[in-house]
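This is final21.txt (compact mmCIF, C-alpha atoms).
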# COMPACT_ATOMS: atom_id res chain seq x y z
CA MET A 1 177.81 185.16 53.13
CA ASN A 2 175.66 188.22 53.88
CA ARG A 3 175.15 188.74 50.18
CA ILE A 4 174.00 185.15 49.71
CA ILE A 5 171.55 185.48 52.60
CA ARG A 6 170.26 188.77 51.21
CA CYS A 7 169.74 187.25 47.74
CA PHE A 8 167.96 184.29 49.31
CA LEU A 9 165.62 186.56 51.26
CA VAL A 10 164.88 188.65 48.18
CA ALA A 11 164.07 185.51 46.18
CA CYS A 12 161.77 184.27 48.95
CA ALA A 13 160.03 187.66 49.12
CA GLN A 14 159.49 187.66 45.36
CA ARG A 15 157.95 184.19 45.46
CA LEU A 16 155.74 185.16 48.37
CA VAL A 17 154.43 188.20 46.51
CA PHE A 18 153.91 186.02 43.44
CA LEU A 19 151.84 183.46 45.37
CA LEU A 20 149.83 186.15 47.15
CA ALA A 21 149.06 187.70 43.76
CA ALA A 22 147.79 184.35 42.50
CA MET A 23 145.51 184.13 45.54
CA LEU A 24 144.30 187.68 44.90
CA ILE A 25 143.49 186.76 41.29
CA ALA A 26 141.41 183.82 42.51
CA VAL A 27 139.50 186.08 44.93
CA VAL A 28 138.77 188.63 42.18
CA ILE A 29 137.65 185.97 39.71
CA VAL A 30 135.37 184.27 42.23
CA MET A 31 133.82 187.65 43.04
CA MET A 32 133.24 188.27 39.34
CA ALA A 33 131.70 184.82 38.87
CA ASN A 34 129.31 185.34 41.79
CA LEU A 35 128.34 188.80 40.56
CA SER A 36 127.78 187.42 37.06
CA GLU A 37 125.21 184.95 38.37
CA GLN A 38 123.44 187.76 40.21
CA ALA A 39 123.54 190.03 37.14
CA GLU A 40 122.09 187.32 34.90
CA GLN A 41 119.32 186.61 37.40
CA THR A 42 118.64 190.33 37.76
CA PHE A 43 118.10 190.68 34.02
CA HIS A 44 115.57 187.85 34.00
CA ASP A 45 113.84 189.29 37.08
CA TRP A 46 113.53 192.69 35.40
CA VAL A 47 112.14 191.16 32.21
CA ASN A 48 109.67 188.99 34.09
CA ARG A 49 108.43 191.96 36.12
CA TYR A 50 108.42 194.45 33.24
CA PRO A 51 108.12 192.45 29.94
CA ASP A 52 108.67 195.50 27.74
CA LEU A 53 112.23 195.80 29.06
CA LYS A 54 113.33 192.83 26.96
CA PHE A 55 112.93 195.09 23.90
CA LEU A 56 114.77 198.03 25.47
CA LEU A 57 117.61 196.68 27.60
CA PRO A 58 119.75 194.94 24.91
CA PRO A 59 120.17 197.88 22.49
CA VAL A 60 120.45 200.55 25.20
CA GLY A 61 122.62 198.46 27.52
CA LEU A 62 125.01 197.26 24.80
CA SER A 63 125.43 200.74 23.34
CA MET A 64 126.21 202.15 26.78
CA THR A 65 128.67 199.35 27.51
CA ALA A 66 130.36 199.75 24.13
CA TRP A 67 130.69 203.51 24.68
CA LEU A 68 132.24 203.00 28.12
CA THR A 69 134.65 200.46 26.63
CA THR A 70 135.94 202.74 23.88
CA ARG A 71 135.87 205.91 26.00
CA PHE A 72 137.43 204.76 29.26
CA PHE A 73 138.69 201.18 28.93
CA LYS A 74 140.20 200.86 25.47
CA GLY A 75 142.05 197.57 25.21
CA SER A 76 139.51 195.66 27.29
CA GLU A 77 137.16 194.87 24.41
CA ARG A 78 135.93 191.38 23.60
CA SER A 79 137.74 188.27 24.88
CA GLY A 80 141.18 189.51 25.91
CA ILE A 81 143.16 186.48 24.73
CA PRO A 82 144.49 188.22 21.57
CA GLN A 83 145.59 191.16 23.74
CA ILE A 84 147.62 188.81 25.96
CA GLN A 85 149.20 187.10 22.96
CA THR A 86 150.12 190.47 21.44
CA ALA A 87 151.55 191.74 24.73
CA LEU A 88 153.85 188.71 24.95
CA LEU A 89 155.08 189.37 21.41
CA ALA A 90 155.60 193.06 22.15
CA MET A 91 157.56 192.55 25.39
CA SER A 92 160.87 193.41 23.74
CA ASP A 93 159.52 196.75 22.49
CA ALA A 94 161.61 199.51 23.96
CA TYR A 95 158.60 201.84 24.00
CA GLY A 96 156.56 199.61 26.32
CA GLN A 97 153.71 199.24 23.83
CA HIS A 98 152.48 196.12 25.61
CA GLN A 99 151.29 198.30 28.50
CA GLN A 100 148.41 199.45 26.27
CA LEU A 101 146.99 195.92 26.52
CA LEU A 102 147.74 194.96 30.14
CA SER A 103 147.05 197.33 33.04
CA LEU A 104 145.06 197.67 36.23
CA LYS A 105 142.67 200.00 34.40
CA ILE A 106 142.00 197.35 31.77
CA ALA A 107 141.50 194.77 34.53
CA LEU A 108 138.90 197.03 36.14
CA GLY A 109 137.06 197.42 32.83
CA LYS A 110 137.22 193.68 32.24
CA PHE A 111 135.66 193.13 35.68
CA LEU A 112 132.81 195.64 35.43
CA LEU A 113 131.77 195.83 31.79
CA PRO A 114 130.89 192.14 31.21
CA LEU A 115 128.50 192.46 34.16
CA LEU A 116 126.80 195.36 32.36
CA GLY A 117 126.58 193.13 29.31
CA LEU A 118 124.75 190.48 31.34
CA LEU A 119 122.37 193.12 32.71
CA SER A 120 121.69 194.02 29.08
CA GLY A 121 120.75 190.46 28.10
CA ALA A 122 123.87 189.73 26.04
CA SER A 123 125.48 186.31 25.60
CA VAL A 124 128.51 187.04 27.78
CA GLY A 125 131.26 184.59 28.65
CA PHE A 126 133.81 185.13 31.40
CA GLY A 127 136.68 182.82 30.47
CA GLY A 128 138.53 185.38 28.34
CA PRO A 129 137.90 188.28 30.72
CA ALA A 130 139.11 186.19 33.69
CA THR A 131 142.29 185.33 31.80
CA HIS A 132 142.85 188.98 30.83
CA ILE A 133 142.28 190.12 34.42
CA GLY A 134 144.73 187.54 35.74
CA ALA A 135 147.42 188.58 33.26
CA SER A 136 146.91 192.29 33.98
CA LEU A 137 146.98 191.88 37.77
CA MET A 138 150.07 189.67 37.71
CA PHE A 139 151.80 191.99 35.24
CA SER A 140 151.30 194.87 37.68
CA LEU A 141 153.75 193.11 40.01
CA ARG A 142 156.57 194.45 37.87
CA HIS A 143 156.42 197.63 39.97
CA TRP A 144 157.43 195.55 43.01
CA LEU A 145 160.45 194.07 41.27
CA LYS A 146 163.78 195.77 40.69
CA ALA A 147 164.65 195.85 36.99
CA PRO A 148 162.67 192.70 36.08
CA SER A 149 164.10 190.74 33.16
CA LEU A 150 162.17 189.99 29.98
CA PRO A 151 161.68 186.28 30.86
CA LEU A 152 160.35 187.26 34.29
CA LEU A 153 157.86 189.71 32.78
CA GLN A 154 156.69 187.02 30.36
CA LEU A 155 156.40 184.58 33.26
CA LEU A 156 154.18 187.03 35.14
CA ILE A 157 151.81 187.39 32.18
CA VAL A 158 151.63 183.67 31.46
CA SER A 159 151.18 182.73 35.13
CA GLY A 160 148.48 185.35 35.65
CA SER A 161 146.64 184.10 32.56
CA ALA A 162 146.70 180.52 33.81
CA ALA A 163 145.61 181.58 37.30
CA GLY A 164 142.65 183.55 35.96
CA PHE A 165 141.56 180.72 33.65
CA ALA A 166 141.86 178.06 36.35
CA ALA A 167 140.02 180.18 38.94
CA MET A 168 137.08 180.90 36.64
CA PHE A 169 136.43 177.27 35.67
CA GLY A 170 137.92 175.47 38.67
CA THR A 171 140.16 173.55 36.24
CA PRO A 172 143.87 173.77 37.17
CA LEU A 173 145.04 171.28 34.54
CA ALA A 174 143.08 173.04 31.81
CA GLY A 175 144.70 176.31 32.89
CA VAL A 176 148.14 174.80 32.27
CA PHE A 177 147.20 173.33 28.90
CA PHE A 178 145.49 176.55 27.85
CA VAL A 179 148.70 178.49 28.44
CA LEU A 180 150.71 175.93 26.48
CA GLU A 181 148.33 176.02 23.52
CA ALA A 182 147.18 179.64 23.46
CA LEU A 183 150.31 181.47 24.61
CA HIS A 184 153.08 179.16 23.37
CA ARG A 185 151.95 178.58 19.83
CA GLN A 186 155.46 177.76 18.58
CA TRP A 187 155.43 174.61 20.74
CA GLN A 188 151.89 173.69 19.88
CA GLU A 189 152.21 174.16 16.15
CA LYS A 190 155.17 171.80 15.88
CA PHE A 191 154.35 169.04 18.28
CA ASN A 192 150.84 169.19 19.70
CA LEU A 193 148.77 167.37 17.07
CA TRP A 194 151.48 164.78 16.44
CA LEU A 195 151.99 164.16 20.15
CA LEU A 196 148.26 163.97 20.83
CA GLY A 197 147.72 161.63 17.89
CA ALA A 198 150.42 159.27 19.12
CA VAL A 199 148.94 159.18 22.63
CA ILE A 200 145.41 158.51 21.34
CA CYS A 201 146.46 155.73 18.93
CA SER A 202 148.54 154.08 21.63
CA GLY A 203 145.73 154.35 24.18
CA ILE A 204 143.07 152.92 21.84
CA THR A 205 145.35 150.05 20.83
CA ALA A 206 145.98 149.17 24.46
CA LEU A 207 142.25 149.39 25.16
CA VAL A 208 141.46 146.94 22.37
CA LEU A 209 144.18 144.49 23.40
CA PHE A 210 143.52 144.60 27.14
CA ASN A 211 139.74 145.13 26.80
CA ARG A 212 139.76 147.44 29.82
CA PRO A 213 139.99 151.24 30.00
CA TYR A 214 141.78 151.42 33.38
CA TYR A 215 144.90 149.96 34.87
CA PHE A 216 142.93 149.49 38.10
CA ALA A 217 139.47 148.57 36.78
CA ALA A 218 137.46 149.72 39.79
CA GLN A 219 135.49 152.52 38.13
CA ASN A 220 132.25 152.32 36.16
CA GLN A 221 132.62 152.19 32.41
CA LEU A 222 130.50 154.83 30.74
CA MET A 223 131.79 154.01 27.26
CA PRO A 224 132.94 150.40 26.81
CA TRP A 225 134.68 149.43 23.61
CA GLY A 226 132.23 148.78 20.79
CA SER A 227 129.79 150.53 18.48
CA SER A 228 129.38 153.45 20.92
CA TRP A 229 132.85 154.62 19.87
CA LEU A 230 131.32 155.68 16.55
CA ALA A 231 130.21 158.74 18.54
CA ILE A 232 133.82 159.99 18.52
CA PRO A 233 134.12 160.73 14.77
CA LEU A 234 130.47 161.78 14.60
CA CYS A 235 130.73 164.34 17.42
CA ALA A 236 134.19 165.44 16.27
CA TRP A 237 133.16 166.13 12.69
CA VAL A 238 129.85 167.79 13.45
CA GLY A 239 131.13 169.76 16.45
CA GLY A 240 134.47 170.58 14.82
CA LEU A 241 132.95 171.86 11.59
CA LEU A 242 130.32 173.95 13.34
CA GLY A 243 132.91 175.32 15.75
CA ALA A 244 135.14 176.22 12.81
CA PHE A 245 132.19 177.83 11.04
CA PHE A 246 131.51 179.88 14.19
CA SER A 247 135.13 181.06 14.27
CA LYS A 248 135.07 181.91 10.59
CA SER A 249 131.87 183.89 11.13
CA LEU A 250 133.54 185.96 13.86
CA VAL A 251 136.53 186.69 11.63
CA TRP A 252 134.50 187.56 8.53
CA GLY A 253 131.97 189.57 10.50
CA GLY A 254 134.70 191.49 12.29
CA ARG A 255 136.34 192.40 8.99
CA PHE A 256 133.03 193.41 7.44
CA PHE A 257 131.99 195.74 10.25
CA LYS A 258 135.49 197.25 10.37
CA GLN A 259 135.35 198.04 6.65
CA THR A 260 131.96 199.73 6.99
CA GLY A 261 133.42 202.24 9.43
CA MET A 262 130.23 202.11 11.43
CA PRO A 263 130.40 203.96 14.78
CA VAL A 264 130.87 201.60 17.72
CA VAL A 265 127.76 202.78 19.55
CA LEU A 266 125.55 202.39 16.47
CA LEU A 267 126.89 198.89 15.86
CA ALA A 268 126.15 198.01 19.49
CA VAL A 269 122.56 199.25 19.09
CA ILE A 270 122.10 197.04 16.00
CA CYS A 271 123.59 194.03 17.79
CA GLY A 272 121.32 194.73 20.76
CA GLY A 273 118.30 194.77 18.47
CA PHE A 274 119.38 191.42 17.03
CA LEU A 275 119.66 190.04 20.57
CA VAL A 276 116.07 191.18 21.21
CA VAL A 277 114.90 189.06 18.27
CA LEU A 278 116.91 186.03 19.38
CA GLY A 279 115.69 186.40 22.95
CA TYR A 280 112.10 186.52 21.74
CA PHE A 281 112.36 183.31 19.71
CA SER A 282 114.33 181.48 22.44
CA ASP A 283 112.10 182.67 25.29
CA GLY A 284 115.11 184.39 26.87
CA ALA A 285 117.40 181.34 26.75
CA THR A 286 120.07 183.10 24.66
CA ALA A 287 120.69 185.77 27.33
CA GLY A 288 123.41 185.18 29.88
CA SER A 289 126.65 183.22 29.97
CA GLY A 290 125.10 179.88 29.04
CA TYR A 291 126.16 178.17 32.28
CA GLN A 292 122.62 177.38 33.39
CA GLN A 293 121.69 176.06 29.95
CA ALA A 294 124.82 173.87 29.72
CA TYR A 295 124.20 172.53 33.22
CA GLY A 296 120.60 171.74 32.34
CA LEU A 297 121.53 170.01 29.08
CA ILE A 298 124.14 167.84 30.79
CA ASN A 299 121.79 166.76 33.57
CA HIS A 300 118.41 166.92 31.78
CA ALA A 301 118.82 166.57 28.05
CA ASP A 302 115.23 167.50 27.20
CA THR A 303 115.29 170.95 28.81
CA MET A 304 116.09 172.90 25.62
CA PRO A 305 114.48 173.06 22.15
CA ALA A 306 116.40 171.80 19.12
CA GLU A 307 117.02 175.31 17.80
CA PHE A 308 118.80 176.47 20.97
CA PRO A 309 122.39 175.80 19.73
CA LEU A 310 121.89 177.90 16.59
CA LEU A 311 120.24 180.75 18.49
CA LYS A 312 122.95 180.72 21.17
CA MET A 313 125.64 180.75 18.52
CA LEU A 314 124.05 183.77 16.85
CA ALA A 315 123.65 185.56 20.19
CA THR A 316 127.33 185.02 20.97
CA CYS A 317 128.25 186.42 17.54
CA ALA A 318 126.08 189.50 18.10
CA THR A 319 127.63 190.09 21.52
CA PHE A 320 131.11 189.72 20.06
CA PHE A 321 130.45 192.15 17.19
CA SER A 322 129.13 194.75 19.65
CA GLY A 323 132.69 195.09 20.95
CA ILE A 324 131.87 194.89 24.67
CA PRO A 325 134.26 192.98 26.96
CA SER A 326 133.01 189.40 26.79
CA GLY A 327 134.35 185.90 26.42
CA ILE A 328 133.13 183.06 24.22
CA PHE A 329 134.15 180.00 26.25
CA VAL A 330 131.06 179.27 28.36
CA PRO A 331 128.53 180.32 25.66
CA SER A 332 130.32 177.95 23.29
CA LEU A 333 130.23 175.10 25.80
CA ALA A 334 126.47 175.66 26.05
CA THR A 335 126.20 175.63 22.25
CA GLY A 336 128.21 172.40 22.07
CA ALA A 337 126.04 170.80 24.73
CA GLY A 338 122.90 171.69 22.76
CA LEU A 339 124.41 170.21 19.59
CA GLY A 340 125.22 167.05 21.52
CA VAL A 341 121.63 166.70 22.69
CA ASN A 342 120.41 167.04 19.11
CA LEU A 343 122.90 164.43 17.88
CA GLY A 344 121.90 162.15 20.73
CA HIS A 345 118.27 162.31 19.60
CA TRP A 346 118.92 162.07 15.88
CA LEU A 347 121.78 159.50 15.88
CA PRO A 348 121.84 157.75 19.28
CA VAL A 349 125.01 155.70 18.80
CA ALA A 350 126.11 156.27 22.42
CA PRO A 351 124.49 157.24 25.75
CA MET A 352 123.09 160.78 25.74
CA LEU A 353 125.55 162.12 28.33
CA VAL A 354 128.48 160.79 26.31
CA MET A 355 127.15 162.42 23.15
CA VAL A 356 126.74 165.75 24.96
CA LEU A 357 130.25 165.73 26.44
CA LEU A 358 131.94 164.65 23.22
CA THR A 359 130.15 167.30 21.16
CA MET A 360 131.02 169.98 23.71
CA VAL A 361 134.67 169.03 23.27
CA GLY A 362 134.36 168.83 19.48
CA TYR A 363 132.75 172.25 19.16
CA PHE A 364 135.16 173.91 21.60
CA SER A 365 138.19 172.35 19.92
CA GLY A 366 136.93 173.26 16.44
CA MET A 367 136.32 176.84 17.56
CA LEU A 368 139.75 177.47 19.12
CA GLN A 369 141.91 174.62 17.77
CA TYR A 370 143.22 173.99 21.29
CA PRO A 371 142.50 170.22 21.58
CA LEU A 372 144.21 169.59 24.91
CA THR A 373 142.44 172.52 26.55
CA ALA A 374 139.09 171.43 25.13
CA ALA A 375 139.37 167.85 26.38
CA VAL A 376 140.77 168.68 29.80
CA ILE A 377 138.40 171.56 30.61
CA VAL A 378 135.32 169.42 29.91
CA MET A 379 136.82 166.50 31.81
CA GLU A 380 137.61 168.64 34.86
CA MET A 381 134.37 170.63 34.79
CA THR A 382 132.18 167.53 34.59
CA GLY A 383 134.32 165.03 36.52
CA SER A 384 134.26 162.66 33.53
CA HIS A 385 137.77 161.31 34.08
CA ASN A 386 136.83 157.87 32.76
CA LEU A 387 136.05 159.44 29.38
CA MET A 388 139.48 161.03 29.01
CA LEU A 389 140.58 158.97 26.01
CA PRO A 390 137.34 159.50 24.01
CA LEU A 391 137.43 163.21 24.87
CA LEU A 392 141.04 163.50 23.67
CA ALA A 393 140.27 161.60 20.46
CA THR A 394 137.27 163.82 19.74
CA ALA A 395 139.26 167.00 20.38
CA TRP A 396 142.09 165.81 18.15
CA LEU A 397 139.81 164.95 15.22
CA ALA A 398 137.78 168.15 15.62
CA SER A 399 140.88 170.33 15.67
CA GLY A 400 142.22 168.68 12.54
CA MET A 401 138.85 169.13 10.82
CA ALA A 402 138.75 172.79 11.83
CA ARG A 403 142.16 173.44 10.28
CA LEU A 404 140.71 172.57 6.88
CA VAL A 405 138.33 175.51 7.33
CA ASN A 406 140.55 177.88 9.33
CA PRO A 407 144.30 177.35 8.79
CA LEU A 408 144.93 180.08 11.39
CA PRO A 409 143.29 179.67 14.83
CA LEU A 410 140.70 182.23 15.92
CA PHE A 411 142.74 184.19 18.45
CA ASP A 412 145.74 184.27 16.13
CA GLU A 413 143.53 185.96 13.54
CA PHE A 414 142.47 188.69 15.95
CA ARG A 415 145.97 189.12 17.31
CA GLN A 416 146.99 190.65 13.98
CA SER A 417 144.74 193.67 14.56
CA TYR A 418 146.37 194.41 17.91
CA ILE A 419 149.85 194.08 16.43
CA HIS A 420 148.81 196.62 13.78
CA LEU A 421 147.45 198.89 16.51
CA LEU A 422 150.74 198.84 18.44
CA LEU A 423 152.73 199.51 15.28
CA THR A 424 150.44 202.43 14.41
CA ASN A 425 150.77 204.00 17.87
CA LYS A 426 154.51 203.40 18.13
CA PRO A 427 156.50 206.62 18.56
CA SER A 428 158.60 207.63 15.59

Would you mind writing the structure in this file as structure tokens?
Amino acid sequence: MNRIIRCFLVACAQRLVFLLAAMLIAVVIVMMANLSEQAEQTFHDWVNRYPDLKFLLPPVGLSMTAWLTTRFFKGSERSGIPQIQTALLAMSDAYGQHQQLLSLKIALGKFLLPLLGLLSGASVGFGGPATHIGASLMFSLRHWLKAPSLPLLQLLIVSGSAAGFAAMFGTPLAGVFFVLEALHRQWQEKFNLWLLGAVICSGITALVLFNRPYYFAAQNQLMPWGSSWLAIPLCAWVGGLLGAFFSKSLVWGGRFFKQTGMPVVLLAVICGGFLVVLGYFSDGATAGSGYQQAYGLINHADTMPAEFPLLKMLATCATFFSGIPSGIFVPSLATGAGLGVNLGHWLPVAPMLVMVLLTMVGYFSGMLQYPLTAAVIVMEMTGSHNLMLPLLATAWLASGMARLVNPLPLFDEFRQSYIHLLLTNKPS
């Protein structure tokens, strides 16, 4: 009996520590989000007060951030999602190679260095860094556990990733779907597109037969059945193809710069110079995470010029190639929103807000090939629950379109380099 009580108390203590860690992750991520807004505003304040700084800060700031990354926080570069995927695959390694990709030191670098990127005028996202921080912090709990099993260690990483993702965007459901699609690819590859296609076809059929989008039809219909549904394939194909092209550009560019053997700091200086040019032509709109631009495009469609999506896409590429810790989620949502505004002006088959939301989903899904995550994150972030079926249909079509361009999803491509790194550093 005493043994049973002792085991029960130990299990309760473990769960309590687990929940407290999830709360700690949320606190850290909220702090990082608040600091990111201040850092972005600080950059614009500096540039407005001293205009010449816009030519100096990007190359100097990015080179300094890239040097700090490679010198003190190796493993924290770029998004962080491929590192998490690789760590999960390397969990059974007897040499503990996965600890090169998940640690408190890496979490610290992932917290600080993206803020330096924002102060430098880079196009910095925080979705990937938040996910990497969550996984690293939760993985550090292994020191509190006695001889943790392999499944428990994997559970810590996956749970921390979901907690970090959900805390950054305020989207708990999207956090769950992101883990299923990004960190459990064996499930997604076999069933996801088929399952999602079945749900969409069933839902559309029921909508046509019942002529109502809700079981309890008390909500406003933003997209009634009719010609406006032509926006789904339009936004899916345009957004999906451009998102896939963006992913392919990151993969090809990464391979090219790796083959050149260019020093990291020099590459960061070149990328910073390119950001100066983009910032000049966009009047500073390409700097920052893209949150303010996406918010403005959703609420006031005429706030950005037509060339903004292309310039933001290029700025995100330049930031990525510089190697600094930075995500691509929010910058890509801003790019998708800008594309939606352009489509809404050029081919107004549906209300402008609908076009913007659908293209955001199409671009995001085409970029990552995570259709459930794309649809749910936009739905939760914008409160557009009554557009769930059109969002899912757009994400599904865009993901299928993207697979014609990129058979292997973006993060799976970059995961290969980390697997090679662990194999290279593995003791003989």

message: To one decimal place in Å, what is the distance between atom CA of Tyr291 of chain A and atom CA of Val265 of chain A?
response: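 For atom CA of Tyr291 of chain A relative to atom CA of Val265 of chain A, the distance reads 27.8 Å.
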
Contact residues around segment 243-245 of chain A with only C-alpha atoms at 10 Å, ignoring same-chain residues under 5 positions, as a ChimeraX atom specification: /A:236-238,250-251,313,332,335-336,360-369,398-399,401-406,409-410

query: Which polymer residues have any atom within 8 Å of an atom of Met304 of chain A, counting all atoms listed in the file, with same-chain residues fewer than 6 positions away left out, as a list in words?
result: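 Near neighbours after the sequence-gap exclusion: Gln293, Leu297 and Gly338 of chain A.
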
- prompt: In Å, how far is it from atom CA of Ile106 of chain A to atom CA of Gly134 of chain A?
  reply: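 These two atoms are separated by 10.9 Å.
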
query: Nearest to Phe169 of chain A: which of A:Ala39, A:Leu397, A:Val30, A:Ala66 is it, counting all atoms listed in the file?
result: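 Of A:Ala39, A:Leu397, A:Val30, A:Ala66, the one nearest Phe169 of chain A, counting all atoms listed in the file, is A:Val30.
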
- prompt: Closest to Ala163 of chain A among A:Pro58, A:Gln85, A:Glu37, A:Leu24, using only C-alpha atoms?
  reply: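 Selected residue with least distance to Ala163 of chain A: A:Leu24.
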
Within 10 Å of file point (148.0, 186.1, 35.7), counting only C-alpha atoms, expressed as a list in words: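 Applying the cut-off with only C-alpha atoms, one gets Phe18, Ala21, Ala22, Ile25, Ala26, Ala130, Thr131, His132, Ile133, Gly134, Ala135, Ser136, Leu137, Met138, Phe139, Ser140, Leu155, Leu156, Ile157, Val158, Ser159, Gly160, Ser161, Ala162, Ala163, Gly164 and Phe165 of chain A.
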
For the selection you just gave me, I'd like the residues written to a file as a PDB file, in the frame of the given file, keeping C-alpha atoms.
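Written output follows (result09.pdb):
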ATOM      1  CA  PHE A  18     153.910 186.020  43.440  1.00  0.00           C
ATOM      2  CA  ALA A  21     149.060 187.700  43.760  1.00  0.00           C
ATOM      3  CA  ALA A  22     147.790 184.350  42.500  1.00  0.00           C
ATOM      4  CA  ILE A  25     143.490 186.760  41.290  1.00  0.00           C
ATOM      5  CA  ALA A  26     141.410 183.820  42.510  1.00  0.00           C
ATOM      6  CA  ALA A 130     139.110 186.190  33.690  1.00  0.00           C
ATOM      7  CA  THR A 131     142.290 185.330  31.800  1.00  0.00           C
ATOM      8  CA  HIS A 132     142.850 188.980  30.830  1.00  0.00           C
ATOM      9  CA  ILE A 133     142.280 190.120  34.420  1.00  0.00           C
ATOM     10  CA  GLY A 134     144.730 187.540  35.740  1.00  0.00           C
ATOM     11  CA  ALA A 135     147.420 188.580  33.260  1.00  0.00           C
ATOM     12  CA  SER A 136     146.910 192.290  33.980  1.00  0.00           C
ATOM     13  CA  LEU A 137     146.980 191.880  37.770  1.00  0.00           C
ATOM     14  CA  MET A 138     150.070 189.670  37.710  1.00  0.00           C
ATOM     15  CA  PHE A 139     151.800 191.990  35.240  1.00  0.00           C
ATOM     16  CA  SER A 140     151.300 194.870  37.680  1.00  0.00           C
ATOM     17  CA  LEU A 155     156.400 184.580  33.260  1.00  0.00           C
ATOM     18  CA  LEU A 156     154.180 187.030  35.140  1.00  0.00           C
ATOM     19  CA  ILE A 157     151.810 187.390  32.180  1.00  0.00           C
ATOM     20  CA  VAL A 158     151.630 183.670  31.460  1.00  0.00           C
ATOM     21  CA  SER A 159     151.180 182.730  35.130  1.00  0.00           C
ATOM     22  CA  GLY A 160     148.480 185.350  35.650  1.00  0.00           C
ATOM     23  CA  SER A 161     146.640 184.100  32.560  1.00  0.00           C
ATOM     24  CA  ALA A 162     146.700 180.520  33.810  1.00  0.00           C
ATOM     25  CA  ALA A 163     145.610 181.580  37.300  1.00  0.00           C
ATOM     26  CA  GLY A 164     142.650 183.550  35.960  1.00  0.00           C
ATOM     27  CA  PHE A 165     141.560 180.720  33.650  1.00  0.00           C
TER      28      PHE A 165
END

Tyr280 of chain A environment, 12 Å, all atoms listed in the file, sequence neighbours closer than 3 positions dropped, as a VMD selection string: chain A and resid 47 51 to 55 58 121 273 to 277 283 to 287 311 315

- prompt: Which one of A:Pro233, A:Phe73, A:Ala395, A:Pro114 sits closest to Gln100 of chain A if you count all atoms listed in the file?
  reply: A:Phe73

message: Nearest residue to Ser103 of chain A out of A:Gly323, A:Pro407, A:Gly296, A:Gly75, using only C-alpha atoms?
response: A:Gly75

statement: Counting only C-alpha atoms, the residue among A:Trp346, A:Phe256, A:Phe177, A:Phe329 that lies closest to Gly128 of chain A is A:Phe329

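What separates atom CA of Pro59 of chain A from atom CA of Pro305 of chain A is a distance of 25.5 Å.
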
task: Would you please work out which residue, of A:Leu173, A:Leu266, A:Ala337, A:Leu113, is nearest to Ile377 of chain A when using only C-alpha atoms?
output: A:Leu173

- prompt: Could you name the residues that touch Asp412 of chain A at 9 Å or less, counting all atoms listed in the file, but leaving out those on the same chain fewer than 3 positions away, as number ranges by chain?
  reply: A: 82, 85, 182, 408-409, 415-416

task: Name the residues within 12 Å of (129.5, 196.9, 9.0), counting only C-alpha atoms in the file's coordinates, and put them as a list in words.
output: Trp252, Gly253, Gly254, Arg255, Phe256, Phe257, Lys258, Gln259, Thr260, Gly261, Met262, Pro263, Val264, Leu266, Leu267, Ala268, Ile270, Cys271, Phe321 and Ser322 of chain A
